[in-house]
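Asker: Next comes input.cif, mmCIF, C-alpha atoms:
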data_run
loop_
_atom_site.group_PDB
_atom_site.id
_atom_site.type_symbol
_atom_site.label_atom_id
_atom_site.label_comp_id
_atom_site.auth_asym_id
_atom_site.auth_seq_id
_atom_site.Cartn_x
_atom_site.Cartn_y
_atom_site.Cartn_z
ATOM 1 C CA MET A 1 -127.469 -82.491 45.230
ATOM 2 C CA ALA A 2 -130.719 -84.470 45.018
ATOM 3 C CA ASP A 3 -130.777 -87.941 46.545
ATOM 4 C CA GLU A 4 -131.593 -89.496 43.168
ATOM 5 C CA GLU A 5 -128.632 -87.805 41.513
ATOM 6 C CA ARG A 6 -126.316 -88.812 44.350
ATOM 7 C CA HIS A 7 -127.470 -92.411 44.001
ATOM 8 C CA LEU A 8 -126.828 -92.358 40.253
ATOM 9 C CA ILE A 9 -123.346 -90.920 40.753
ATOM 10 C CA GLU A 10 -122.440 -93.516 43.357
ATOM 11 C CA ALA A 11 -123.747 -96.309 41.145
ATOM 12 C CA GLY A 12 -121.839 -94.922 38.171
ATOM 13 C CA GLN A 13 -118.658 -94.766 40.234
ATOM 14 C CA HIS A 14 -119.081 -98.504 40.828
ATOM 15 C CA GLY A 15 -119.349 -99.196 37.112
ATOM 16 C CA ASP A 16 -123.111 -99.052 36.591
ATOM 17 C CA VAL A 17 -123.313 -97.864 32.978
ATOM 18 C CA GLU A 18 -127.093 -97.462 32.993
ATOM 19 C CA ALA A 19 -126.882 -95.177 36.034
ATOM 20 C CA PHE A 20 -124.353 -93.038 34.202
ATOM 21 C CA ASN A 21 -126.580 -93.010 31.114
ATOM 22 C CA GLN A 22 -129.334 -91.536 33.276
ATOM 23 C CA LEU A 23 -126.923 -88.786 34.339
ATOM 24 C CA VAL A 24 -126.184 -88.154 30.681
ATOM 25 C CA ARG A 25 -129.893 -87.760 29.980
ATOM 26 C CA LEU A 26 -130.157 -85.255 32.844
ATOM 27 C CA TYR A 27 -127.344 -83.062 31.509
ATOM 28 C CA GLU A 28 -127.108 -83.679 27.764
ATOM 29 C CA GLY A 29 -129.210 -80.630 26.831
ATOM 30 C CA ARG A 30 -127.221 -78.231 28.998
ATOM 31 C CA VAL A 31 -123.868 -79.654 27.904
ATOM 32 C CA TYR A 32 -124.825 -79.582 24.234
ATOM 33 C CA ASN A 33 -126.074 -75.999 24.505
ATOM 34 C CA LEU A 34 -122.784 -74.864 26.053
ATOM 35 C CA CYS A 35 -120.742 -76.675 23.399
ATOM 36 C CA TYR A 36 -122.886 -75.316 20.589
ATOM 37 C CA ARG A 37 -122.607 -71.745 21.830
ATOM 38 C CA MET A 38 -118.847 -72.064 22.294
ATOM 39 C CA LEU A 39 -118.090 -73.813 19.000
ATOM 40 C CA GLY A 40 -120.784 -72.386 16.741
ATOM 41 C CA ASP A 41 -121.885 -75.479 14.804
ATOM 42 C CA SER A 42 -123.919 -78.578 15.567
ATOM 43 C CA ASP A 43 -121.385 -81.192 14.393
ATOM 44 C CA SER A 44 -118.606 -79.831 16.610
ATOM 45 C CA ALA A 45 -121.055 -79.475 19.494
ATOM 46 C CA ALA A 46 -122.155 -83.099 19.139
ATOM 47 C CA ASP A 47 -118.535 -84.283 19.081
ATOM 48 C CA ALA A 48 -117.648 -82.112 22.089
ATOM 49 C CA SER A 49 -120.685 -83.347 24.030
ATOM 50 C CA GLN A 50 -119.773 -86.958 23.362
ATOM 51 C CA GLU A 51 -116.164 -86.345 24.438
ATOM 52 C CA THR A 52 -117.406 -84.535 27.566
ATOM 53 C CA PHE A 53 -119.483 -87.501 28.699
ATOM 54 C CA LEU A 54 -116.749 -90.004 27.849
ATOM 55 C CA SER A 55 -114.289 -87.979 29.911
ATOM 56 C CA ALA A 56 -116.818 -87.689 32.753
ATOM 57 C CA PHE A 57 -117.355 -91.454 32.744
ATOM 58 C CA ARG A 58 -113.612 -92.157 32.770
ATOM 59 C CA ASN A 59 -113.060 -89.737 35.649
ATOM 60 C CA LEU A 60 -116.267 -90.275 37.607
ATOM 61 C CA ARG A 61 -114.484 -91.923 40.511
ATOM 62 C CA ARG A 62 -112.509 -88.710 40.997
ATOM 63 C CA PHE A 63 -115.685 -86.745 41.705
ATOM 64 C CA ARG A 64 -115.654 -86.001 45.422
ATOM 65 C CA GLY A 65 -118.946 -84.225 45.941
ATOM 66 C CA GLY A 66 -120.170 -80.678 45.493
ATOM 67 C CA SER A 67 -122.111 -79.604 42.431
ATOM 68 C CA PHE A 68 -122.116 -82.341 39.809
ATOM 69 C CA ARG A 69 -123.524 -79.851 37.315
ATOM 70 C CA SER A 70 -120.536 -77.545 37.815
ATOM 71 C CA TRP A 71 -118.163 -80.500 37.493
ATOM 72 C CA MET A 72 -119.808 -81.584 34.254
ATOM 73 C CA LEU A 73 -119.865 -78.081 32.769
ATOM 74 C CA ARG A 74 -116.204 -77.603 33.635
ATOM 75 C CA ILE A 75 -115.352 -80.743 31.663
ATOM 76 C CA ALA A 76 -117.451 -79.441 28.764
ATOM 77 C CA THR A 77 -115.712 -76.059 28.930
ATOM 78 C CA ASN A 78 -112.249 -77.645 28.869
ATOM 79 C CA THR A 79 -113.289 -79.916 25.991
ATOM 80 C CA CYS A 80 -114.392 -76.882 23.980
ATOM 81 C CA TYR A 81 -111.114 -75.113 24.722
ATOM 82 C CA ASP A 82 -109.224 -78.169 23.432
ATOM 83 C CA ILE A 83 -111.232 -78.148 20.204
ATOM 84 C CA LEU A 84 -110.734 -74.414 19.715
ATOM 85 C CA ARG A 85 -106.980 -74.784 20.245
ATOM 86 C CA ALA A 86 -106.901 -77.615 17.707
ATOM 87 C CA ARG A 87 -108.724 -75.406 15.205
ATOM 88 C CA LYS A 88 -106.039 -72.769 15.556
ATOM 89 C CA ARG A 89 -103.300 -75.323 14.958
ATOM 90 C CA ARG A 90 -105.094 -76.924 12.019
ATOM 91 C CA PRO A 91 -107.327 -74.373 10.269
ATOM 92 C CA ALA A 92 -109.024 -76.948 8.059
ATOM 93 C CA ILE A 93 -111.979 -74.726 7.183
ATOM 94 C CA SER A 94 -112.306 -71.136 6.097
ATOM 95 C CA LEU A 95 -112.870 -68.357 8.596
ATOM 96 C CA ASP A 96 -116.298 -67.673 7.120
ATOM 97 C CA ALA A 97 -117.290 -71.293 7.609
ATOM 98 C CA ALA A 98 -115.971 -71.320 11.156
ATOM 99 C CA LEU A 99 -118.051 -68.280 12.014
ATOM 100 C CA ALA A 100 -121.179 -69.494 10.270
ATOM 101 C CA THR A 101 -124.113 -70.347 12.476
ATOM 102 C CA ASP A 102 -126.291 -73.412 12.285
ATOM 103 C CA ASP A 103 -129.820 -73.093 13.654
ATOM 104 C CA THR A 104 -130.864 -76.654 12.802
ATOM 105 C CA SER A 105 -129.755 -78.042 16.161
ATOM 106 C CA PRO A 106 -132.626 -79.015 18.489
ATOM 107 C CA HIS A 107 -130.851 -77.469 21.474
ATOM 108 C CA ALA A 108 -129.346 -74.436 19.785
ATOM 109 C CA PHE A 109 -132.124 -72.031 20.692
ATOM 110 C CA ASP A 110 -135.061 -71.940 23.044
ATOM 111 C CA PRO A 111 -138.025 -74.167 22.107
ATOM 112 C CA PRO A 112 -140.793 -72.364 20.234
ATOM 113 C CA ASP A 113 -143.797 -70.967 22.030
ATOM 114 C CA GLN A 114 -146.995 -72.649 20.835
ATOM 115 C CA HIS A 115 -148.604 -69.221 20.574
ATOM 116 C CA GLU A 116 -145.902 -67.818 18.279
ATOM 117 C CA SER A 117 -146.810 -66.981 14.718
ATOM 118 C CA PRO A 118 -144.564 -68.223 11.876
ATOM 119 C CA ALA A 119 -143.223 -64.673 11.526
ATOM 120 C CA GLU A 120 -142.380 -64.510 15.232
ATOM 121 C CA VAL A 121 -140.626 -67.891 15.071
ATOM 122 C CA ALA A 122 -138.562 -66.723 12.086
ATOM 123 C CA LEU A 123 -137.640 -63.481 13.845
ATOM 124 C CA ARG A 124 -136.642 -65.277 17.035
ATOM 125 C CA ARG A 125 -134.406 -67.633 15.076
ATOM 126 C CA GLU A 126 -132.885 -64.703 13.214
ATOM 127 C CA LEU A 127 -132.165 -62.969 16.497
ATOM 128 C CA GLY A 128 -130.673 -66.165 17.925
ATOM 129 C CA ALA A 129 -128.419 -66.537 14.901
ATOM 130 C CA ALA A 130 -127.268 -62.930 15.258
ATOM 131 C CA ILE A 131 -126.409 -63.470 18.910
ATOM 132 C CA GLN A 132 -124.490 -66.630 18.024
ATOM 133 C CA GLN A 133 -122.483 -64.747 15.397
ATOM 134 C CA GLY A 134 -121.648 -62.154 18.016
ATOM 135 C CA LEU A 135 -120.575 -64.847 20.478
ATOM 136 C CA ASN A 136 -118.318 -66.384 17.837
ATOM 137 C CA HIS A 137 -116.385 -63.109 17.686
ATOM 138 C CA LEU A 138 -115.785 -62.833 21.433
ATOM 139 C CA PRO A 139 -112.514 -63.946 23.017
ATOM 140 C CA GLU A 140 -112.973 -67.440 24.397
ATOM 141 C CA ASP A 141 -112.781 -66.457 28.064
ATOM 142 C CA GLN A 142 -115.449 -63.780 27.604
ATOM 143 C CA ARG A 143 -117.578 -66.074 25.451
ATOM 144 C CA ILE A 144 -117.794 -68.869 28.020
ATOM 145 C CA THR A 145 -118.571 -66.370 30.783
ATOM 146 C CA VAL A 146 -121.413 -64.761 28.822
ATOM 147 C CA ILE A 147 -122.777 -68.199 27.878
ATOM 148 C CA LEU A 148 -122.746 -69.473 31.450
ATOM 149 C CA CYS A 149 -124.250 -66.305 32.919
ATOM 150 C CA ASP A 150 -126.628 -64.889 30.329
ATOM 151 C CA ILE A 151 -127.669 -68.034 28.454
ATOM 152 C CA GLN A 152 -127.457 -70.754 31.093
ATOM 153 C CA GLY A 153 -128.252 -68.555 34.072
ATOM 154 C CA ARG A 154 -125.437 -69.698 36.320
ATOM 155 C CA PRO A 155 -124.476 -67.496 39.308
ATOM 156 C CA TYR A 156 -121.072 -65.839 39.515
ATOM 157 C CA ASP A 157 -119.663 -68.205 42.137
ATOM 158 C CA GLU A 158 -120.561 -71.274 40.069
ATOM 159 C CA ILE A 159 -119.063 -69.710 36.934
ATOM 160 C CA ALA A 160 -115.854 -69.112 38.897
ATOM 161 C CA ARG A 161 -115.759 -72.808 39.834
ATOM 162 C CA ILE A 162 -116.497 -73.960 36.285
ATOM 163 C CA THR A 163 -113.869 -71.720 34.705
ATOM 164 C CA GLY A 164 -111.307 -72.011 37.508
ATOM 165 C CA THR A 165 -111.156 -68.254 38.090
ATOM 166 C CA THR A 166 -112.081 -65.725 40.769
ATOM 167 C CA LEU A 167 -115.322 -63.808 41.217
ATOM 168 C CA GLY A 168 -113.551 -60.616 40.202
ATOM 169 C CA THR A 169 -112.331 -62.203 36.986
ATOM 170 C CA VAL A 170 -115.812 -63.509 36.196
ATOM 171 C CA LYS A 171 -117.366 -60.072 36.666
ATOM 172 C CA SER A 172 -114.655 -58.389 34.593
ATOM 173 C CA ARG A 173 -114.957 -60.866 31.720
ATOM 174 C CA LEU A 174 -118.737 -60.646 31.792
ATOM 175 C CA SER A 175 -118.688 -56.862 31.655
ATOM 176 C CA ARG A 176 -116.233 -56.806 28.756
ATOM 177 C CA GLY A 177 -118.005 -59.609 26.941
ATOM 178 C CA ARG A 178 -121.416 -57.971 27.190
ATOM 179 C CA ALA A 179 -120.048 -54.644 26.013
ATOM 180 C CA ARG A 180 -118.238 -56.270 23.092
ATOM 181 C CA LEU A 181 -121.324 -58.261 22.121
ATOM 182 C CA ARG A 182 -123.444 -55.102 22.181
ATOM 183 C CA ASP A 183 -120.937 -53.314 19.965
ATOM 184 C CA LEU A 184 -120.812 -56.213 17.519
ATOM 185 C CA LEU A 185 -124.581 -56.427 17.259
ATOM 186 C CA LYS A 186 -124.882 -52.707 16.619
ATOM 187 C CA ALA A 187 -121.850 -51.953 14.476
ATOM 188 C CA GLY A 188 -122.092 -55.142 12.434
ATOM 189 C CA GLU A 189 -125.858 -54.854 12.045
ATOM 190 C CA LEU A 190 -126.185 -58.506 12.999
ATOM 191 C CA LEU A 191 -129.515 -57.836 14.652
ATOM 192 C CA PRO A 192 -132.711 -58.261 12.624
ATOM 193 C CA ALA A 193 -133.928 -54.935 11.229
ATOM 194 C CA ARG A 194 -136.882 -54.814 13.592
ATOM 195 C CA TYR A 195 -134.632 -54.912 16.647
ATOM 196 C CA ARG A 196 -132.210 -52.360 15.216
ATOM 197 C CA HIS A 197 -135.122 -50.002 14.585
ATOM 198 C CA GLU A 198 -136.506 -50.397 18.084
ATOM 199 C CA GLY A 199 -133.078 -49.853 19.600
ATOM 200 C CA GLU A 200 -132.601 -46.656 17.634
ATOM 201 C CA ASN A 201 -135.989 -45.356 18.735
ATOM 202 C CA HIS A 202 -135.046 -45.884 22.347
ATOM 203 C CA GLY A 203 -131.611 -44.371 21.949
ATOM 204 C CA THR A 204 -129.782 -47.631 22.758
#
Kindly present the structure from the file in structure tokens form.

Answerer:
Amino acid sequence: MADEERHLIEAGQHGDVEAFNQLVRLYEGRVYNLCYRMLGDSDSAADASQETFLSAFRNLRRFRGGSFRSWMLRIATNTCYDILRARKRRPAISLDAALATDDTSPHAFDPPDQHESPAEVALRRELGAAIQQGLNHLPEDQRITVILCDIQGRPYDEIARITGTTLGTVKSRLSRGRARLRDLLKAGELLPARYRHEGENHGT
């Protein structure tokens, strides 16, 4: 943990709201991205992110060291699980709407490359939307594991801490999730035509 981050945490634990707001600014993009990928729409992701940081602020004094990032992402993960459970109890929207993707969020996909052409930007967004649709169909435990590993780049041991599981469970869920996502992208033809064509040419 960097000295600056440690100082901000200690100040926040003593009630310094501005110090905590600086921590929020450090992690808001990563937390929002996780919530968006788990929940599939920007409004739910914004609500989940806000609840994550409120919960973190209320429980900051309980943080006893280690990786603050892992601690924060675990809160975000649990918040998303709570929202997904509530959706199952109160299906207020149609299944199609729940699975719809929203690419208007500023953190939903990677920022554009300045050298990209308009066609390349459109294709990248189409690919991102297809991947999000595939993620929406994964079981929740596989979805969070794929998000943390393949989208956020977290190592297995950190994913185990965030999800409260073992390394073996992480590897198993990741393997199943990747395989399922591949099958969904191929069988459901969620991928843009260009990528489907290239995959067929390479026998994948």

Asker: Check what the PyMOL selection byres ((chain A and resi 53) around 9) selects in the file above and give those residues as a VMD selection string.

Answerer: chain A and resid 24 28 48 to 52 54 to 58 72 75 to 76

Asker: By how many Å are CA of Val170 in chain A and CA of Gly153 in chain A apart?

Answerer: 13.6 Å

Asker: State, in Å with one decimal place, the distance from CA of Glu158 in chain A to CA of Leu127 in chain A.

Answerer: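 Between these atoms lies a distance of 27.6 Å.
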
Asker: So that I can see what lies close to Arg6 in chain A, please list as a list in words the residues with an atom at most 10 Å from it, counting all atoms listed in the file and leaving out residues fewer than 6 positions away in the same chain.

Answerer: Gly12, Gly65 and Phe68 of chain A

Asker: In terms of the shortest atom-to-atom distance over only C-alpha atoms, which of A:Arg74, A:Arg62, A:Arg85, A:Arg176 is closest to Gly164 in chain A?

Answerer: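 Among A:Arg74, A:Arg62, A:Arg85, A:Arg176, it is A:Arg74 that comes nearest to Gly164 in chain A.
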
Asker: Apply the PyMOL selection byres ((chain A and resi 175) around 12) to the structure shown and report the selected residues as a ChimeraX atom specification.

Answerer: /A:141-143,145-146,149-150,168-174,176-182

Asker: For a test of reading the model, state the distance in Å between CA of Met38 in chain A and CA of Arg154 in chain A, rounded to one decimal.

Answerer: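 We find that CA of Met38 in chain A and CA of Arg154 in chain A lie 15.7 Å from each other.
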
Asker: Pick out the closest residue to Trp71 in chain A from this set: A:Ala130, A:Leu167, A:Ile144, A:Val31. Count all atoms listed in the file.

Answerer: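 For Trp71 in chain A, the nearest of the given residues is A:Val31.
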
Asker: Taking all atoms listed in the file into account, which of A:Asp82, A:Gly40, A:Asn59, A:Arg30 comes nearest Leu148 in chain A?

Answerer: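 The shortest atom-to-atom distance to Leu148 in chain A comes from A:Arg30.
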
Asker: Taking only C-alpha atoms into account, which of A:Ile159, A:Ile151, A:Tyr32, A:Asp183 comes nearest Gly134 in chain A?

Answerer: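 Of the candidates, the smallest distance to Gly134 in chain A is held by A:Asp183.
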
Asker: Let me know the centre plus edge lengths, in Å and rounded to one decimal, of a box with edges along x, y and z that contains all listed atoms of range 81-90 of chain A and is padded by 8 Å on every side, as AutoDock Vina command-line options.

Answerer:
--center_x -107.3 --center_y -75.5 --center_z 18.4 --size_x 23.9 --size_y 21.4 --size_z 28.7

Asker: For each of A:Asn33, A:Ser117, A:Gln133, A:Thr166, take the minimum atom-to-atom distance to Thr77 in chain A, counting only C-alpha atoms, then give the residue where this is smallest.

Answerer: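 For Thr77 in chain A, the nearest of the given residues is A:Asn33.
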
Asker: Given only C-alpha atoms as the basis, pick out the residue of A:Leu60, A:Leu39, A:Leu73, A:Leu123 nearest to Leu8 in chain A.

Answerer: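 Between A:Leu60, A:Leu39, A:Leu73, A:Leu123, the residue approaching Leu8 in chain A most closely is A:Leu60.
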